[in-house]
file my_file01.cif (mmCIF, C-alpha atoms)
data_query
loop_
_atom_site.label_atom_id
_atom_site.label_comp_id
_atom_site.auth_asym_id
_atom_site.auth_seq_id
_atom_site.Cartn_x
_atom_site.Cartn_y
_atom_site.Cartn_z
CA MET A 20 5.09 4.55 -14.73
CA ARG A 21 4.37 1.40 -12.88
CA LEU A 22 4.95 0.42 -9.31
CA THR A 23 5.20 -3.36 -9.19
CA THR A 24 4.62 -5.72 -6.29
CA LYS A 25 8.33 -5.46 -5.49
CA GLY A 26 7.95 -1.84 -4.37
CA ARG A 27 4.54 -2.35 -2.80
CA PHE A 28 5.65 -5.38 -0.78
CA ALA A 29 8.86 -3.67 0.33
CA VAL A 30 6.93 -0.66 1.68
CA THR A 31 4.35 -2.91 3.36
CA ALA A 32 7.03 -5.05 5.01
CA MET A 33 8.92 -1.97 6.21
CA ILE A 34 5.76 -0.58 7.82
CA ASP A 35 5.19 -3.92 9.55
CA LEU A 36 8.81 -3.95 10.75
CA ALA A 37 8.68 -0.37 12.03
CA LEU A 38 5.43 -1.06 13.90
CA ARG A 39 6.79 -4.08 15.74
CA MET A 40 10.54 -3.68 16.27
CA GLN A 41 10.20 -1.91 19.66
CA SER A 42 10.06 -5.34 21.31
CA GLY A 43 13.15 -6.60 19.48
CA PRO A 44 14.15 -7.87 16.04
CA VAL A 45 11.27 -8.95 13.80
CA THR A 46 11.53 -12.17 11.82
CA LEU A 47 10.72 -12.33 8.14
CA ALA A 48 8.58 -15.38 8.87
CA ALA A 49 6.35 -13.25 11.13
CA ILE A 50 6.08 -10.49 8.51
CA SER A 51 5.38 -13.12 5.85
CA GLN A 52 2.56 -14.60 7.89
CA ARG A 53 0.96 -11.26 8.82
CA GLN A 54 1.22 -9.66 5.39
CA ARG A 55 0.76 -12.81 3.28
CA ILE A 56 3.99 -12.23 1.36
CA SER A 57 6.14 -15.17 0.33
CA LEU A 58 9.05 -15.70 2.73
CA SER A 59 11.52 -16.26 -0.10
CA TYR A 60 10.37 -13.02 -1.75
CA LEU A 61 10.82 -11.14 1.53
CA GLU A 62 14.32 -12.60 1.88
CA GLN A 63 15.22 -11.17 -1.54
CA LEU A 64 13.74 -7.76 -0.71
CA PHE A 65 15.38 -7.55 2.71
CA GLY A 66 18.73 -8.51 1.22
CA LYS A 67 18.49 -5.41 -0.96
CA LEU A 68 17.20 -3.25 1.89
CA ARG A 69 20.12 -4.41 4.05
CA ARG A 70 22.68 -3.69 1.32
CA ASN A 71 21.21 -0.19 1.03
CA LYS A 72 21.50 0.25 4.80
CA LEU A 73 17.79 0.65 5.53
CA VAL A 74 17.58 -2.44 7.76
CA SER A 75 20.04 -4.39 9.84
CA SER A 76 19.88 -8.06 10.73
CA THR A 77 20.58 -10.01 13.89
CA ARG A 78 21.40 -13.71 13.60
CA GLY A 79 20.52 -16.54 15.92
CA PRO A 80 17.69 -17.23 18.35
CA GLY A 81 15.71 -14.07 18.94
CA GLY A 82 17.18 -12.61 15.75
CA GLY A 83 15.50 -10.86 12.90
CA TYR A 84 15.48 -7.41 11.36
CA THR A 85 15.36 -3.88 12.73
CA LEU A 86 15.50 -0.51 11.01
CA ALA A 87 19.06 0.73 10.45
CA LYS A 88 17.88 4.36 10.64
CA LYS A 89 15.08 6.15 12.43
CA ALA A 90 11.72 5.70 10.72
CA GLU A 91 11.45 9.47 10.17
CA GLU A 92 14.74 9.37 8.21
CA ILE A 93 13.54 6.70 5.76
CA THR A 94 11.32 7.79 2.87
CA VAL A 95 9.08 5.73 0.64
CA ALA A 96 11.40 6.68 -2.24
CA ASP A 97 14.37 5.23 -0.33
CA ILE A 98 12.55 1.92 0.09
CA VAL A 99 11.29 1.69 -3.49
CA ILE A 100 14.64 2.63 -5.04
CA SER A 101 16.49 0.22 -2.71
CA VAL A 102 14.63 -2.77 -4.12
CA ASP A 103 15.52 -1.74 -7.69
CA GLU A 104 12.03 -0.55 -8.53
CA GLN A 105 12.03 1.57 -11.68
CA LEU A 106 10.08 4.79 -11.28
CA ASP A 107 10.15 5.90 -14.87
CA ALA A 108 7.18 6.87 -17.01
CA THR A 109 9.28 7.54 -20.12
CA SER A 110 9.53 4.81 -22.72
CA CYS A 111 13.27 5.36 -23.06
CA GLY A 112 14.36 5.07 -19.45
CA GLY A 113 15.37 8.75 -19.40
CA LYS A 114 17.90 8.36 -22.24
CA GLU A 115 15.99 10.70 -24.56
CA ASN A 116 16.01 8.21 -27.41
CA CYS A 117 12.32 7.31 -27.28
CA MET A 118 11.97 6.70 -31.02
CA GLY A 119 15.25 4.88 -31.48
CA GLU A 120 18.97 5.47 -31.08
CA SER A 121 19.37 8.47 -33.39
CA THR A 122 15.97 10.15 -33.42
CA GLY A 123 16.01 11.80 -29.98
CA PRO A 124 13.12 12.20 -27.53
CA CYS A 125 9.49 11.72 -28.48
CA MET A 126 7.00 14.60 -28.36
CA THR A 127 5.79 13.62 -24.88
CA HIS A 128 9.19 12.87 -23.34
CA ASP A 129 9.25 16.06 -21.27
CA LEU A 130 5.76 15.34 -19.96
CA TRP A 131 6.74 11.87 -18.72
CA ALA A 132 10.10 13.07 -17.38
CA SER A 133 8.26 15.77 -15.43
CA LEU A 134 5.88 13.14 -14.05
CA ASN A 135 8.91 11.10 -12.92
CA GLU A 136 10.26 14.09 -11.02
CA ARG A 137 6.91 14.84 -9.35
CA MET A 138 6.40 11.21 -8.43
CA LEU A 139 9.88 10.94 -6.90
CA GLU A 140 9.40 14.26 -5.11
CA TYR A 141 6.11 12.98 -3.65
CA LEU A 142 7.59 9.66 -2.51
CA ARG A 143 10.52 11.51 -0.92
CA SER A 144 8.05 13.65 1.05
CA ILE A 145 6.53 10.65 2.84
CA SER A 146 8.49 9.13 5.69
CA LEU A 147 8.15 5.62 7.00
CA GLN A 148 7.23 7.17 10.36
CA LYS A 149 4.25 8.92 8.76
CA LEU A 150 3.02 5.60 7.37
CA VAL A 151 3.45 3.98 10.79
CA ASP A 152 1.57 6.85 12.46
CA ASP A 153 -1.22 6.49 9.88
CA GLN A 154 -1.56 2.79 10.72
CA LEU A 155 -1.63 3.48 14.45
CA ALA A 156 -4.28 6.18 13.90
CA LYS A 157 -6.38 3.58 12.07
CA GLY A 158 -6.22 1.38 15.17
CA VAL A 159 -3.84 -1.32 13.97
CA GLN A 160 -3.26 -3.74 16.83
CA ILE A 161 0.32 -4.71 17.57
CA GLU A 162 0.49 -8.04 19.34
CA GLU A 163 3.08 -8.66 21.99
CA LYS A 164 6.06 -10.74 20.97
CA ALA A 165 5.45 -14.39 21.76
CA SER A 166 7.35 -15.77 24.72
CA SER A 167 10.36 -17.93 23.90
CA ARG A 168 9.29 -20.46 26.54
CA LYS A 169 7.62 -23.63 25.41
CA PRO A 170 3.92 -23.75 26.24
CA ILE A 171 2.76 -26.15 28.93
CA ALA A 172 1.18 -29.21 27.36
CA THR A 173 -2.55 -29.47 27.96
CA THR A 174 -2.61 -33.21 27.30
CA PRO A 175 -0.60 -35.70 29.34
CA VAL A 176 2.57 -37.09 27.81
CA LEU A 177 2.27 -40.84 27.35
CA LYS A 178 5.32 -42.95 28.09
CA PRO A 179 5.93 -46.11 26.07
CA VAL A 180 4.93 -49.39 27.69
CA ARG A 181 7.78 -51.87 28.21
CA VAL A 182 6.96 -55.48 27.46
CA ASN A 183 9.07 -58.27 28.90
CA ALA A 184 9.22 -60.38 25.77
CA PRO A 185 12.02 -61.65 23.57
CA ASN A 186 13.35 -59.11 21.11
CA SER A 187 14.44 -61.77 18.65
CA VAL A 188 13.87 -65.41 17.87
CA PHE A 189 17.35 -66.24 19.21
CA ALA A 190 16.49 -64.95 22.68
CA LEU A 191 13.62 -67.44 22.94
CA GLY A 192 15.98 -70.35 23.49
CA THR A 193 18.13 -68.64 26.11
CA GLY A 194 15.39 -67.23 28.29
CA ASN A 195 17.26 -63.90 28.44
CA PHE A 196 14.82 -61.20 27.49
CA SER A 197 15.90 -57.60 27.20
CA LYS A 198 14.21 -55.18 29.47
#
call {"tool": "encode", "arguments": {"input": "my_file01.cif", "output": "structure tokens"}}
result
Amino acid sequence: MRLTTKGRFAVTAMIDLALRMQSGPVTLAAISQRQRISLSYLEQLFGKLRRNKLVSSTRGPGGGYTLAKKAEEITVADIVISVDEQLDATSCGGKENCMGESTGPCMTHDLWASLNERMLEYLRSISLQKLVDDQLAKGVQIEEKASSRKPIATTPVLKPVRVNAPNSVFALGTGNFSK
């Protein structure tokens, strides 16, 4: 059994999303920056999460992602399986041909298959809401969404200086300078 970064990052990003979506859709760029996960990787993961109806997207200014279901209805298993993470400790992928096509399961196949079931059962018992509540109990600070207004410049804006001089060598002879 191995849980790769695909599953770990998907769960982490979903916690981040659930924590912050009360003030509107959350951008992947913001999640990427906070969690230090590549934006292109998050785009791939959220494409799969959207196809599996765990998140929904809003396009345009002020757009981003929100949960498609309540956080208490989404389990860790839902998230991990949605991003195509394999939760299988058997060497045969559950096909019972551990030693080759015709030999059948290995001596430990039932052990690993049982571990798969327990692991899936455990991940199904943990909701996204529980993970969010755990983070809030730890004192995670949720910053307010940044205003869409442009900040007031603290330094003055310099305007270009106009010089009354010829703009080409041909204008020298005419005395007509552009202003």
call {"tool": "closest_residue", "arguments": {"input": "my_file01.cif", "among": "A:Leu150, A:Leu47, A:Ile161, A:Leu22", "to": "Asp103 (chain A)", "atoms": "all atoms listed in the file"}}
result
A:Leu22
call {"tool": "atom_distance", "arguments": {"input": "my_file01.cif", "atom1": "CA of Val95 (chain A)", "atom2": "CA of Ser144 (chain A)"}}
result
8.0 Å
call {"tool": "resolve_selection", "arguments": {"input": "my_file01.cif", "expression": "the PyMOL selection byres ((chain A and resi 139) around 12)", "output": "mmCIF file with C-alpha atoms, in the frame of the given file"}}
result
data_model
loop_
_atom_site.group_PDB
_atom_site.id
_atom_site.type_symbol
_atom_site.label_atom_id
_atom_site.label_comp_id
_atom_site.auth_asym_id
_atom_site.auth_seq_id
_atom_site.Cartn_x
_atom_site.Cartn_y
_atom_site.Cartn_z
ATOM 1 C CA MET A 20 5.090 4.550 -14.730
ATOM 2 C CA LEU A 22 4.950 0.420 -9.310
ATOM 3 C CA THR A 94 11.320 7.790 2.870
ATOM 4 C CA VAL A 95 9.080 5.730 0.640
ATOM 5 C CA ALA A 96 11.400 6.680 -2.240
ATOM 6 C CA ASP A 97 14.370 5.230 -0.330
ATOM 7 C CA ILE A 98 12.550 1.920 0.090
ATOM 8 C CA VAL A 99 11.290 1.690 -3.490
ATOM 9 C CA ILE A 100 14.640 2.630 -5.040
ATOM 10 C CA GLU A 104 12.030 -0.550 -8.530
ATOM 11 C CA GLN A 105 12.030 1.570 -11.680
ATOM 12 C CA LEU A 106 10.080 4.790 -11.280
ATOM 13 C CA ASP A 107 10.150 5.900 -14.870
ATOM 14 C CA ALA A 108 7.180 6.870 -17.010
ATOM 15 C CA ALA A 132 10.100 13.070 -17.380
ATOM 16 C CA SER A 133 8.260 15.770 -15.430
ATOM 17 C CA LEU A 134 5.880 13.140 -14.050
ATOM 18 C CA ASN A 135 8.910 11.100 -12.920
ATOM 19 C CA GLU A 136 10.260 14.090 -11.020
ATOM 20 C CA ARG A 137 6.910 14.840 -9.350
ATOM 21 C CA MET A 138 6.400 11.210 -8.430
ATOM 22 C CA GLU A 140 9.400 14.260 -5.110
ATOM 23 C CA TYR A 141 6.110 12.980 -3.650
ATOM 24 C CA LEU A 142 7.590 9.660 -2.510
ATOM 25 C CA ARG A 143 10.520 11.510 -0.920
ATOM 26 C CA SER A 144 8.050 13.650 1.050
ATOM 27 C CA ILE A 145 6.530 10.650 2.840
#
call {"tool": "closest_residue", "arguments": {"input": "my_file01.cif", "among": "A:Leu86, A:Val74, A:Ala37, A:Leu68", "to": "Ser101 (chain A)", "atoms": "only C-alpha atoms"}}
result
A:Leu68
call {"tool": "atom_distance", "arguments": {"input": "my_file01.cif", "atom1": "CA of Leu38 (chain A)", "atom2": "CA of Lys89 (chain A)"}}
result
12.1 Å
call {"tool": "atom_distance", "arguments": {"input": "my_file01.cif", "atom1": "CA of Gly66 (chain A)", "atom2": "CA of Val159 (chain A)"}}
result
26.9 Å
call {"tool": "closest_residue", "arguments": {"input": "my_file01.cif", "among": "A:Ala90, A:Ile56, A:Val102, A:Gln41", "to": "Asn71 (chain A)", "atoms": "all atoms listed in the file"}}
result
A:Val102
call {"tool": "residues_around", "arguments": {"input": "my_file01.cif", "residues": "Met40 (chain A)", "least_positions_apart": "6", "cutoff": "10 Å", "atoms": "only C-alpha atoms", "output": "list in words"}}
result
Thr46, Gly83, Tyr84, Thr85, Leu86 and Lys164 of chain A
call {"tool": "axis_aligned_box", "arguments": {"input": "my_file01.cif", "around": "region 74-78 of chain A", "padding_each_side": "3 Å", "output": "AutoDock Vina command-line options"}}
result
--center_x 19.5 --center_y -8.1 --center_z 10.8 --size_x 9.8 --size_y 17.3 --size_z 12.1
call {"tool": "resolve_selection", "arguments": {"input": "my_file01.cif", "expression": "the PyMOL selection byres ((chain A and resi 160) around 12)", "output": "list in words"}}
result
Asp35, Leu38, Arg39, Arg53, Val151, Gln154, Leu155, Ala156, Lys157, Gly158, Val159, Ile161, Glu162 and Glu163 of chain A
call {"tool": "write_last_selection", "arguments": {"input": "my_file01.cif", "atoms": "C-alpha atoms", "output": "PDB file, in the coordinates of the input"}}
result
ATOM      1  CA  ASP A  35       5.190  -3.920   9.550  1.00  0.00           C
ATOM      2  CA  LEU A  38       5.430  -1.060  13.900  1.00  0.00           C
ATOM      3  CA  ARG A  39       6.790  -4.080  15.740  1.00  0.00           C
ATOM      4  CA  ARG A  53       0.960 -11.260   8.820  1.00  0.00           C
ATOM      5  CA  VAL A 151       3.450   3.980  10.790  1.00  0.00           C
ATOM      6  CA  GLN A 154      -1.560   2.790  10.720  1.00  0.00           C
ATOM      7  CA  LEU A 155      -1.630   3.480  14.450  1.00  0.00           C
ATOM      8  CA  ALA A 156      -4.280   6.180  13.900  1.00  0.00           C
ATOM      9  CA  LYS A 157      -6.380   3.580  12.070  1.00  0.00           C
ATOM     10  CA  GLY A 158      -6.220   1.380  15.170  1.00  0.00           C
ATOM     11  CA  VAL A 159      -3.840  -1.320  13.970  1.00  0.00           C
ATOM     12  CA  ILE A 161       0.320  -4.710  17.570  1.00  0.00           C
ATOM     13  CA  GLU A 162       0.490  -8.040  19.340  1.00  0.00           C
ATOM     14  CA  GLU A 163       3.080  -8.660  21.990  1.00  0.00           C
TER      15      GLU A 163
END
